[in-house]
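Reproduced below: input32.pdb, with PDB, C-alpha atoms.
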ATOM      1  CA  MET A 690     -32.232   6.326   7.527  1.00  0.00           C
ATOM      2  CA  ASP A 691     -29.688   9.128   7.628  1.00  0.00           C
ATOM      3  CA  CYS A 692     -27.508   9.189  10.719  1.00  0.00           C
ATOM      4  CA  CYS A 693     -25.646  11.592  12.913  1.00  0.00           C
ATOM      5  CA  SER A 694     -24.341   8.878  15.220  1.00  0.00           C
ATOM      6  CA  GLN A 695     -20.832   7.507  15.462  1.00  0.00           C
ATOM      7  CA  ILE A 696     -18.838   4.418  16.264  1.00  0.00           C
ATOM      8  CA  VAL A 697     -16.636   4.743  19.338  1.00  0.00           C
ATOM      9  CA  SER A 698     -13.607   2.487  19.716  1.00  0.00           C
ATOM     10  CA  GLN A 699     -12.247   1.124  22.979  1.00  0.00           C
ATOM     11  CA  LYS A 700      -9.537   3.783  22.755  1.00  0.00           C
ATOM     12  CA  GLY A 701     -12.161   6.521  22.570  1.00  0.00           C
ATOM     13  CA  ASP A 702     -11.630   7.296  18.881  1.00  0.00           C
ATOM     14  CA  THR A 703     -14.803   8.200  16.992  1.00  0.00           C
ATOM     15  CA  ILE A 704     -15.854   7.186  13.485  1.00  0.00           C
ATOM     16  CA  PRO A 705     -18.777   9.280  12.185  1.00  0.00           C
ATOM     17  CA  ILE A 706     -21.604   7.369  10.516  1.00  0.00           C
ATOM     18  CA  LEU A 707     -22.711   9.153   7.359  1.00  0.00           C
ATOM     19  CA  TYR A 708     -25.618   6.838   6.472  1.00  0.00           C
ATOM     20  CA  GLU A 709     -27.192   3.623   7.714  1.00  0.00           C
ATOM     21  CA  ASP A 710     -30.061   1.382   6.608  1.00  0.00           C
ATOM     22  CA  ASN A 711     -30.767  -2.354   6.387  1.00  0.00           C
ATOM     23  CA  HIS A 712     -28.310  -2.792   3.501  1.00  0.00           C
ATOM     24  CA  LEU A 713     -25.601  -0.148   3.949  1.00  0.00           C
ATOM     25  CA  LEU A 714     -23.363   1.339   6.610  1.00  0.00           C
ATOM     26  CA  VAL A 715     -21.383   4.363   5.400  1.00  0.00           C
ATOM     27  CA  VAL A 716     -18.652   5.861   7.570  1.00  0.00           C
ATOM     28  CA  ASN A 717     -16.050   8.623   7.514  1.00  0.00           C
ATOM     29  CA  LYS A 718     -12.666   6.966   8.003  1.00  0.00           C
ATOM     30  CA  ALA A 719      -9.993   9.046   9.705  1.00  0.00           C
ATOM     31  CA  ALA A 720      -6.453   8.949   8.345  1.00  0.00           C
ATOM     32  CA  GLY A 721      -4.294   6.500  10.266  1.00  0.00           C
ATOM     33  CA  ILE A 722      -6.903   3.832  10.958  1.00  0.00           C
ATOM     34  CA  LEU A 723      -6.936   0.530   9.086  1.00  0.00           C
ATOM     35  CA  VAL A 724      -9.916  -0.447   6.949  1.00  0.00           C
ATOM     36  CA  GLN A 725      -9.357  -4.156   7.622  1.00  0.00           C
ATOM     37  CA  GLU A 726      -7.378  -6.024  10.273  1.00  0.00           C
ATOM     38  CA  ASP A 727      -3.759  -6.809   9.465  1.00  0.00           C
ATOM     39  CA  ALA A 728      -0.719  -8.299  11.215  1.00  0.00           C
ATOM     40  CA  THR A 729      -0.262  -5.210  13.426  1.00  0.00           C
ATOM     41  CA  GLY A 730      -3.405  -5.999  15.415  1.00  0.00           C
ATOM     42  CA  ASP A 731      -4.337  -2.308  15.397  1.00  0.00           C
ATOM     43  CA  GLN A 732      -7.998  -1.301  15.443  1.00  0.00           C
ATOM     44  CA  ASP A 733      -9.757  -1.348  12.097  1.00  0.00           C
ATOM     45  CA  ILE A 734     -12.972  -0.029  10.597  1.00  0.00           C
ATOM     46  CA  LEU A 735     -14.479  -3.404   9.705  1.00  0.00           C
ATOM     47  CA  THR A 736     -14.095  -4.909  13.193  1.00  0.00           C
ATOM     48  CA  LEU A 737     -15.342  -1.775  14.960  1.00  0.00           C
ATOM     49  CA  ALA A 738     -18.344  -1.521  12.627  1.00  0.00           C
ATOM     50  CA  LYS A 739     -19.276  -5.156  13.283  1.00  0.00           C
ATOM     51  CA  GLN A 740     -19.126  -4.524  17.022  1.00  0.00           C
ATOM     52  CA  TYR A 741     -21.348  -1.464  16.570  1.00  0.00           C
ATOM     53  CA  ILE A 742     -23.959  -3.436  14.575  1.00  0.00           C
ATOM     54  CA  LYS A 743     -23.904  -6.331  17.042  1.00  0.00           C
ATOM     55  CA  LYS A 744     -24.443  -4.055  20.037  1.00  0.00           C
ATOM     56  CA  LYS A 745     -27.010  -1.709  18.483  1.00  0.00           C
ATOM     57  CA  TYR A 746     -29.238  -4.433  17.066  1.00  0.00           C
ATOM     58  CA  LYS A 747     -28.497  -7.059  19.749  1.00  0.00           C
ATOM     59  CA  LYS A 748     -27.478  -9.602  17.129  1.00  0.00           C
ATOM     60  CA  PRO A 749     -26.426 -13.058  18.335  1.00  0.00           C
ATOM     61  CA  GLY A 750     -23.412 -14.785  16.813  1.00  0.00           C
ATOM     62  CA  ASN A 751     -21.249 -13.316  14.091  1.00  0.00           C
ATOM     63  CA  VAL A 752     -22.279 -10.140  12.270  1.00  0.00           C
ATOM     64  CA  TYR A 753     -22.043 -10.008   8.490  1.00  0.00           C
ATOM     65  CA  LEU A 754     -20.481  -6.869   7.043  1.00  0.00           C
ATOM     66  CA  GLY A 755     -19.053  -6.896   3.533  1.00  0.00           C
ATOM     67  CA  LEU A 756     -15.991  -4.845   2.583  1.00  0.00           C
ATOM     68  CA  VAL A 757     -16.347  -3.872  -1.084  1.00  0.00           C
ATOM     69  CA  HIS A 758     -13.627  -1.214  -1.407  1.00  0.00           C
ATOM     70  CA  ARG A 759     -10.677   0.102   0.586  1.00  0.00           C
ATOM     71  CA  LEU A 760      -8.662   3.191   1.422  1.00  0.00           C
ATOM     72  CA  ASP A 761      -4.983   3.129   2.347  1.00  0.00           C
ATOM     73  CA  ARG A 762      -4.309   3.473   6.063  1.00  0.00           C
ATOM     74  CA  PRO A 763      -2.911   7.053   5.836  1.00  0.00           C
ATOM     75  CA  VAL A 764      -5.837   8.201   3.649  1.00  0.00           C
ATOM     76  CA  SER A 765      -9.196   9.457   4.977  1.00  0.00           C
ATOM     77  CA  GLY A 766     -12.742   9.590   3.644  1.00  0.00           C
ATOM     78  CA  VAL A 767     -15.934   7.766   2.709  1.00  0.00           C
ATOM     79  CA  ILE A 768     -16.121   4.004   3.160  1.00  0.00           C
ATOM     80  CA  VAL A 769     -19.260   2.045   2.208  1.00  0.00           C
ATOM     81  CA  LEU A 770     -19.851  -1.291   3.962  1.00  0.00           C
ATOM     82  CA  ALA A 771     -22.489  -3.824   2.916  1.00  0.00           C
ATOM     83  CA  ARG A 772     -24.793  -5.175   5.618  1.00  0.00           C
ATOM     84  CA  THR A 773     -26.088  -8.056   3.457  1.00  0.00           C
ATOM     85  CA  SER A 774     -24.464 -10.441   0.996  1.00  0.00           C
ATOM     86  CA  LYS A 775     -26.878  -9.211  -1.696  1.00  0.00           C
ATOM     87  CA  ALA A 776     -25.721  -5.631  -1.155  1.00  0.00           C
ATOM     88  CA  ALA A 777     -22.071  -6.713  -1.200  1.00  0.00           C
ATOM     89  CA  ARG A 778     -22.526  -8.579  -4.485  1.00  0.00           C
ATOM     90  CA  ARG A 779     -24.342  -5.712  -6.199  1.00  0.00           C
ATOM     91  CA  LEU A 780     -21.913  -3.057  -4.977  1.00  0.00           C
ATOM     92  CA  SER A 781     -18.963  -5.189  -6.102  1.00  0.00           C
ATOM     93  CA  GLU A 782     -20.559  -5.455  -9.547  1.00  0.00           C
ATOM     94  CA  GLN A 783     -20.899  -1.668  -9.719  1.00  0.00           C
ATOM     95  CA  ILE A 784     -17.229  -1.268  -8.870  1.00  0.00           C
ATOM     96  CA  ARG A 785     -16.118  -3.851 -11.461  1.00  0.00           C
ATOM     97  CA  GLU A 786     -18.252  -2.152 -14.107  1.00  0.00           C
ATOM     98  CA  ARG A 787     -16.881   1.286 -13.105  1.00  0.00           C
ATOM     99  CA  LYS A 788     -20.300   2.648 -12.231  1.00  0.00           C
ATOM    100  CA  VAL A 789     -19.182   4.033  -8.868  1.00  0.00           C
ATOM    101  CA  GLY A 790     -18.248   7.717  -8.743  1.00  0.00           C
ATOM    102  CA  LYS A 791     -15.109   8.307  -6.665  1.00  0.00           C
ATOM    103  CA  HIS A 792     -14.148  11.919  -5.949  1.00  0.00           C
ATOM    104  CA  TYR A 793     -11.025  12.756  -3.964  1.00  0.00           C
ATOM    105  CA  ILE A 794      -9.249  15.912  -2.905  1.00  0.00           C
ATOM    106  CA  GLY A 795      -5.524  16.078  -2.309  1.00  0.00           C
ATOM    107  CA  LEU A 796      -2.750  18.497  -1.432  1.00  0.00           C
ATOM    108  CA  VAL A 797       0.286  18.103  -3.651  1.00  0.00           C
ATOM    109  CA  GLU A 798       3.692  19.712  -3.964  1.00  0.00           C
ATOM    110  CA  GLY A 799       4.180  21.941  -6.998  1.00  0.00           C
ATOM    111  CA  ARG A 800       2.064  23.745  -9.587  1.00  0.00           C
ATOM    112  CA  LEU A 801      -0.082  21.641 -11.895  1.00  0.00           C
ATOM    113  CA  PRO A 802      -1.877  22.431 -15.166  1.00  0.00           C
ATOM    114  CA  ALA A 803      -5.430  23.702 -14.569  1.00  0.00           C
ATOM    115  CA  LYS A 804      -6.921  20.313 -15.437  1.00  0.00           C
ATOM    116  CA  GLY A 805      -6.150  17.097 -17.218  1.00  0.00           C
ATOM    117  CA  MET A 806      -6.563  13.361 -17.661  1.00  0.00           C
ATOM    118  CA  TRP A 807      -3.728  10.961 -16.914  1.00  0.00           C
ATOM    119  CA  ILE A 808      -3.557   7.432 -18.306  1.00  0.00           C
ATOM    120  CA  ASP A 809      -0.801   5.123 -17.118  1.00  0.00           C
ATOM    121  CA  ASN A 810      -0.188   1.446 -16.506  1.00  0.00           C
ATOM    122  CA  ILE A 811       0.449   0.298 -12.948  1.00  0.00           C
ATOM    123  CA  ARG A 812       2.085  -2.948 -11.958  1.00  0.00           C
ATOM    124  CA  ARG A 813       1.858  -4.399  -8.465  1.00  0.00           C
ATOM    125  CA  LYS A 814       3.740  -7.028  -6.489  1.00  0.00           C
ATOM    126  CA  GLY A 815       2.593  -7.449  -2.903  1.00  0.00           C
ATOM    127  CA  LYS A 816       2.494  -4.040  -1.246  1.00  0.00           C
ATOM    128  CA  HIS A 817       4.654  -2.431  -3.915  1.00  0.00           C
ATOM    129  CA  ALA A 818       3.348  -0.736  -7.052  1.00  0.00           C
ATOM    130  CA  TRP A 819       4.999   1.211  -9.865  1.00  0.00           C
ATOM    131  CA  ILE A 820       4.344   2.682 -13.308  1.00  0.00           C
ATOM    132  CA  ASP A 821       5.081   0.004 -15.904  1.00  0.00           C
ATOM    133  CA  PRO A 822       3.894  -0.457 -19.519  1.00  0.00           C
ATOM    134  CA  ALA A 823       3.217  -4.108 -18.642  1.00  0.00           C
ATOM    135  CA  GLY A 824       0.825  -3.150 -15.834  1.00  0.00           C
ATOM    136  CA  LYS A 825      -2.925  -2.562 -15.701  1.00  0.00           C
ATOM    137  CA  LYS A 826      -4.501   0.574 -17.127  1.00  0.00           C
ATOM    138  CA  ALA A 827      -4.993   3.394 -14.610  1.00  0.00           C
ATOM    139  CA  VAL A 828      -7.058   6.494 -15.397  1.00  0.00           C
ATOM    140  CA  LEU A 829      -7.903   9.639 -13.451  1.00  0.00           C
ATOM    141  CA  GLU A 830      -9.065  13.176 -14.174  1.00  0.00           C
ATOM    142  CA  PHE A 831      -8.069  16.190 -12.100  1.00  0.00           C
ATOM    143  CA  SER A 832      -8.617  19.912 -11.789  1.00  0.00           C
ATOM    144  CA  VAL A 833      -6.821  22.472  -9.670  1.00  0.00           C
ATOM    145  CA  GLY A 834      -8.883  23.751  -6.753  1.00  0.00           C
ATOM    146  CA  LYS A 835      -6.724  26.250  -4.859  1.00  0.00           C
ATOM    147  CA  ILE A 836      -3.089  27.271  -4.826  1.00  0.00           C
ATOM    148  CA  PHE A 837      -1.494  27.933  -1.444  1.00  0.00           C
ATOM    149  CA  GLN A 838       1.815  29.284  -0.250  1.00  0.00           C
ATOM    150  CA  LYS A 839       4.998  27.201  -0.403  1.00  0.00           C
ATOM    151  CA  LYS A 840       3.976  25.749  -3.762  1.00  0.00           C
ATOM    152  CA  ILE A 841       1.176  23.596  -2.375  1.00  0.00           C
ATOM    153  CA  THR A 842      -1.801  22.930  -4.645  1.00  0.00           C
ATOM    154  CA  GLN A 843      -5.214  21.510  -3.788  1.00  0.00           C
ATOM    155  CA  VAL A 844      -6.492  19.203  -6.512  1.00  0.00           C
ATOM    156  CA  ASN A 845      -9.888  17.661  -7.202  1.00  0.00           C
ATOM    157  CA  ILE A 846      -9.602  14.109  -8.488  1.00  0.00           C
ATOM    158  CA  ASP A 847     -12.136  11.853 -10.205  1.00  0.00           C
ATOM    159  CA  LEU A 848     -10.796   8.327 -10.027  1.00  0.00           C
ATOM    160  CA  LYS A 849     -11.847   6.257 -13.027  1.00  0.00           C
ATOM    161  CA  THR A 850     -10.048   3.037 -12.083  1.00  0.00           C
ATOM    162  CA  GLY A 851      -8.956   1.670  -8.726  1.00  0.00           C
ATOM    163  CA  ARG A 852      -5.371   0.446  -8.916  1.00  0.00           C
ATOM    164  CA  HIS A 853      -3.139  -0.010  -5.866  1.00  0.00           C
ATOM    165  CA  HIS A 854      -1.771   3.406  -4.776  1.00  0.00           C
ATOM    166  CA  GLN A 855      -3.041   4.800  -8.077  1.00  0.00           C
ATOM    167  CA  ILE A 856      -3.481   8.473  -7.151  1.00  0.00           C
ATOM    168  CA  ARG A 857      -0.260   8.523  -5.161  1.00  0.00           C
ATOM    169  CA  LEU A 858       1.703   6.969  -8.018  1.00  0.00           C
ATOM    170  CA  GLN A 859       0.266   9.001 -10.877  1.00  0.00           C
ATOM    171  CA  PHE A 860       0.881  12.329  -9.162  1.00  0.00           C
ATOM    172  CA  SER A 861       4.365  11.489  -7.867  1.00  0.00           C
ATOM    173  CA  HIS A 862       5.359  10.062 -11.273  1.00  0.00           C
ATOM    174  CA  ARG A 863       4.906  13.567 -12.715  1.00  0.00           C
ATOM    175  CA  GLY A 864       6.712  15.340  -9.903  1.00  0.00           C
ATOM    176  CA  TYR A 865       3.688  16.255  -7.738  1.00  0.00           C
ATOM    177  CA  PRO A 866       3.813  14.002  -4.656  1.00  0.00           C
ATOM    178  CA  LEU A 867       0.995  14.178  -2.144  1.00  0.00           C
ATOM    179  CA  LEU A 868       1.957  15.925   1.069  1.00  0.00           C
ATOM    180  CA  GLY A 869       3.222  13.442   3.647  1.00  0.00           C
ATOM    181  CA  ASP A 870       3.688  10.619   1.120  1.00  0.00           C
ATOM    182  CA  TYR A 871       7.353   9.824   1.819  1.00  0.00           C
ATOM    183  CA  ARG A 872       7.146   6.552  -0.096  1.00  0.00           C
ATOM    184  CA  TYR A 873       6.551   8.489  -3.286  1.00  0.00           C
ATOM    185  CA  GLY A 874       8.830  11.453  -2.786  1.00  0.00           C
ATOM    186  CA  SER A 875       7.114  14.022  -0.541  1.00  0.00           C
ATOM    187  CA  LYS A 876       9.366  16.186   1.614  1.00  0.00           C
ATOM    188  CA  ILE A 877       6.543  17.784   3.627  1.00  0.00           C
ATOM    189  CA  ARG A 878       5.310  16.183   6.845  1.00  0.00           C
ATOM    190  CA  VAL A 879       1.637  16.101   7.830  1.00  0.00           C
ATOM    191  CA  PRO A 880       0.207  15.295  11.298  1.00  0.00           C
ATOM    192  CA  GLY A 881       0.238  11.663  12.388  1.00  0.00           C
ATOM    193  CA  GLY A 882       2.482  10.551   9.550  1.00  0.00           C
ATOM    194  CA  ASN A 883      -0.540  10.504   7.240  1.00  0.00           C
ATOM    195  CA  ILE A 884      -1.105  11.637   3.647  1.00  0.00           C
ATOM    196  CA  ALA A 885      -3.056  14.646   2.384  1.00  0.00           C
ATOM    197  CA  LEU A 886      -5.499  12.569   0.353  1.00  0.00           C
ATOM    198  CA  HIS A 887      -9.199  12.399   1.199  1.00  0.00           C
ATOM    199  CA  ALA A 888     -12.098  10.481  -0.393  1.00  0.00           C
ATOM    200  CA  LYS A 889     -14.580  13.342  -0.228  1.00  0.00           C
ATOM    201  CA  ALA A 890     -17.535  11.861  -2.122  1.00  0.00           C
ATOM    202  CA  LEU A 891     -18.687   8.429  -3.277  1.00  0.00           C
ATOM    203  CA  THR A 892     -21.667   7.840  -5.571  1.00  0.00           C
ATOM    204  CA  ILE A 893     -23.334   4.434  -5.820  1.00  0.00           C
ATOM    205  CA  GLU A 894     -26.656   2.989  -6.855  1.00  0.00           C
ATOM    206  CA  HIS A 895     -28.481   1.731  -3.780  1.00  0.00           C
ATOM    207  CA  PRO A 896     -28.339  -2.089  -3.936  1.00  0.00           C
ATOM    208  CA  THR A 897     -32.109  -2.582  -3.559  1.00  0.00           C
ATOM    209  CA  ARG A 898     -33.802   0.732  -4.350  1.00  0.00           C
ATOM    210  CA  ALA A 899     -32.185   1.438  -7.742  1.00  0.00           C
ATOM    211  CA  CYS A 900     -31.554   5.105  -6.926  1.00  0.00           C
ATOM    212  CA  ALA A 901     -28.283   7.016  -7.032  1.00  0.00           C
ATOM    213  CA  MET A 902     -26.853   8.050  -3.663  1.00  0.00           C
ATOM    214  CA  THR A 903     -23.851  10.279  -2.999  1.00  0.00           C
ATOM    215  CA  PHE A 904     -22.137  10.393   0.385  1.00  0.00           C
ATOM    216  CA  PHE A 905     -19.934  13.331   1.393  1.00  0.00           C
ATOM    217  CA  CYS A 906     -17.484  14.086   4.188  1.00  0.00           C
ATOM    218  CA  GLU A 907     -14.911  16.795   4.808  1.00  0.00           C
ATOM    219  CA  PRO A 908     -11.221  16.176   5.594  1.00  0.00           C
ATOM    220  CA  GLN A 909      -9.869  16.321   9.124  1.00  0.00           C
ATOM    221  CA  PRO A 910      -9.104  19.692  10.766  1.00  0.00           C
ATOM    222  CA  TRP A 911      -5.332  19.353  10.294  1.00  0.00           C
ATOM    223  CA  TRP A 912      -5.803  20.067   6.581  1.00  0.00           C
ATOM    224  CA  ARG A 913      -6.360  23.696   7.520  1.00  0.00           C
ATOM    225  CA  CYS A 914      -2.712  23.935   8.584  1.00  0.00           C
ATOM    226  CA  PHE A 915      -1.811  23.914   4.884  1.00  0.00           C
ATOM    227  CA  SER A 916      -4.821  25.671   3.357  1.00  0.00           C
ATOM    228  CA  ASP A 917      -5.394  28.723   5.582  1.00  0.00           C
TER
END
Rewrite the structure from the file as structure tokens, please.
Amino acid sequence: MDCCSQIVSQKGDTIPILYEDNHLLVVNKAAGILVQEDATGDQDILTLAKQYIKKKYKKPGNVYLGLVHRLDRPVSGVIVLARTSKAARRLSEQIRERKVGKHYIGLVEGRLPAKGMWIDNIRRKGKHAWIDPAGKKAVLEFSVGKIFQKKITQVNIDLKTGRHHQIRLQFSHRGYPLLGDYRYGSKIRVPGGNIALHAKALTIEHPTRACAMTFFCEPQPWWRCFSD
């Protein structure tokens, strides 16, 4: 069933639910919230979603919810969670086989070519990642959406692989850091210390119905500060 409901945290923050059925729970993650619990102990999408399922369906014991992909904490957008182990396994297979469509939008510093494909190799150690010929292949395609004042460009990004910090690295490596991304060279601050990168659309094959489904969500209102 399609949903217009939302998850509400103990702090009063809301997480819109984009879609929900017996196998999937799809949410719109706000920038600044963790996808999965870490050492900070801050609220996270996975824990809040489990609490929502447990309460709504009056489930006893632990609730299963599979995390099959992630977004960085300062990034917003579509997150798909699996409500069954079968769904988690099949979605993970789609991701490994690069059958999942991942469309992002971003605001970057500078003026880019109208469109292009970038292929690099990214190496990772712990939380750190960098461009390195010895790393794993990273591919994305982009096109320019709009050009704003102060040399800010909106880009549409189709992510072909899913390396750690891939979009952030590939753009900054060429001199176009994402707004707010101090780690990779941005000099422009965005609200909440976040990054102007948003997972706008995600296309999967439903794990049991064998039909393509695309989930959409728009970025948070603060984006308009740079685009109006």
Proximity to Ile846 of chain A - best of A:Thr892, A:His758, A:Lys876, A:Gly790, only C-alpha atoms: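 Answer, going by the shortest atom-to-atom distance: A:Gly790.
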Nearest to Gln838 of chain A among A:Ile811, A:Cys914, A:Met806, A:Ala720, with distances taken over only C-alpha atoms: which residue is it?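 Result for the nearest residue to Gln838 of chain A: A:Cys914.
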Point (2.0, 19.8, -0.3), cut-off 9 Å, counting only C-alpha atoms, residues as a short mmCIF file (atom, residue, chain, number, x, y, z; two decimals) with C-alpha atoms, in the coordinates of the input:
data_model
loop_
_atom_site.label_atom_id
_atom_site.label_comp_id
_atom_site.auth_asym_id
_atom_site.auth_seq_id
_atom_site.Cartn_x
_atom_site.Cartn_y
_atom_site.Cartn_z
CA GLY A 795 -5.52 16.08 -2.31
CA LEU A 796 -2.75 18.50 -1.43
CA VAL A 797 0.29 18.10 -3.65
CA GLU A 798 3.69 19.71 -3.96
CA GLY A 799 4.18 21.94 -7.00
CA PHE A 837 -1.49 27.93 -1.44
CA LYS A 839 5.00 27.20 -0.40
CA LYS A 840 3.98 25.75 -3.76
CA ILE A 841 1.18 23.60 -2.38
CA THR A 842 -1.80 22.93 -4.64
CA GLN A 843 -5.21 21.51 -3.79
CA TYR A 865 3.69 16.26 -7.74
CA PRO A 866 3.81 14.00 -4.66
CA LEU A 867 1.00 14.18 -2.14
CA LEU A 868 1.96 15.92 1.07
CA GLY A 869 3.22 13.44 3.65
CA SER A 875 7.11 14.02 -0.54
CA LYS A 876 9.37 16.19 1.61
CA ILE A 877 6.54 17.78 3.63
CA ARG A 878 5.31 16.18 6.84
CA VAL A 879 1.64 16.10 7.83
CA ALA A 885 -3.06 14.65 2.38
CA PHE A 915 -1.81 23.91 4.88
#
Near Gly815 of chain A, within 12 Å and counting only C-alpha atoms, which residues show up once chain neighbours fewer than 3 positions away are dropped, as an mmCIF file with C-alpha atoms, in the frame of the given file?
data_model
loop_
_atom_site.group_PDB
_atom_site.id
_atom_site.type_symbol
_atom_site.label_atom_id
_atom_site.label_comp_id
_atom_site.auth_asym_id
_atom_site.auth_seq_id
_atom_site.Cartn_x
_atom_site.Cartn_y
_atom_site.Cartn_z
ATOM 1 C CA ARG A 812 2.085 -2.948 -11.958
ATOM 2 C CA ALA A 818 3.348 -0.736 -7.052
ATOM 3 C CA TRP A 819 4.999 1.211 -9.865
ATOM 4 C CA HIS A 853 -3.139 -0.010 -5.866
ATOM 5 C CA HIS A 854 -1.771 3.406 -4.776
#
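Distances here use only C-alpha atoms; by that measure, the residue among A:Arg857, A:Lys889, A:His895, A:His792 closest to Leu780 of chain A is A:His895.
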Distance criterion (only C-alpha atoms): nearest to Leu754 of chain A out of A:Lys788, A:His712, A:Asn717, A:Asp847: A:His712
Name all residues at most 9 Å from Gln909 of chain A (count all atoms listed in the file; drop same-chain ones fewer than 4 positions away) and give them as an NGL selection string. :A and (719-720 or 765 or 887 or 913)
Need the shell around Ala888 of chain A: protein/DNA/RNA residues with any atom at most 6 Å away, counting all atoms listed in the file. Skip same-chain ones fewer than 5 positions apart. Format as an mmCIF file with C-alpha atoms, in the frame of the given file?
data_model
loop_
_atom_site.group_PDB
_atom_site.id
_atom_site.type_symbol
_atom_site.label_atom_id
_atom_site.label_comp_id
_atom_site.auth_asym_id
_atom_site.auth_seq_id
_atom_site.Cartn_x
_atom_site.Cartn_y
_atom_site.Cartn_z
ATOM 1 C CA GLY A 766 -12.742 9.590 3.644
ATOM 2 C CA VAL A 767 -15.934 7.766 2.709
ATOM 3 C CA TYR A 793 -11.025 12.756 -3.964
#
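When atom CA of Pro908 of chain A is paired with atom CA of Asp870 of chain A, their separation reads 16.5 Å.
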From the options A:Gln855, A:Ser781, A:Thr703, A:Ser832, which residue's atoms come nearest to His817 of chain A, counting all atoms listed in the file?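 Answer, going by the shortest atom-to-atom distance: A:Gln855.
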Skip segment 785-787 of chain A itself and residues of its chain fewer than 3 positions away, then list as number ranges by chain all residues within 10 Å of it, counting all atoms listed in the file. A: 779-782, 790-791, 848-851
Top pick for closest residue to Pro763 of chain A, considering A:Arg872, A:Lys835, A:Arg863, A:Arg898 and counting all atoms listed in the file: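 Of the candidates, the smallest distance to Pro763 of chain A is held by A:Arg872.
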In Å, with one decimal, what is the gap from atom CA of Pro880 of chain A to atom CA of Lys718 of chain A?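 These atoms are spaced 15.7 Å apart.
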Adding 3 Å on each side of the box along x, y and z that holds all listed atoms of segment 837-852 of chain A, could you give its centre and edge lengths in Å to one decimal, as lines of an AutoDock Vina configuration file?
center_x = -3.6
center_y = 14.9
center_z = -6.6
size_x = 23.1
size_y = 34.8
size_z = 18.8
Would you work out the distance separating atom CA of Val764 of chain A from atom CA of Arg852 of chain A, expressed in Å to one decimal?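 Atom-to-atom, atom CA of Val764 of chain A and atom CA of Arg852 of chain A are spaced 14.8 Å apart.
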Suppose a student applies the PyMOL selection byres ((chain A and resi 753) around 7) to this structure; what residues should they get, written as a tab-separated table (two decimals) with C-alpha atoms, keeping the file's coordinate frame?
chain	number	residue	atom	x	y	z
A	751	ASN	CA	-21.25	-13.32	14.09
A	752	VAL	CA	-22.28	-10.14	12.27
A	754	LEU	CA	-20.48	-6.87	7.04
A	755	GLY	CA	-19.05	-6.90	3.53
A	772	ARG	CA	-24.79	-5.18	5.62
A	773	THR	CA	-26.09	-8.06	3.46
Given the file shown, determine the residues that the PyMOL selection byres ((chain A and resi 903) around 9) selects; report them as number ranges by chain. A: 790, 890-894, 901-902, 904-905
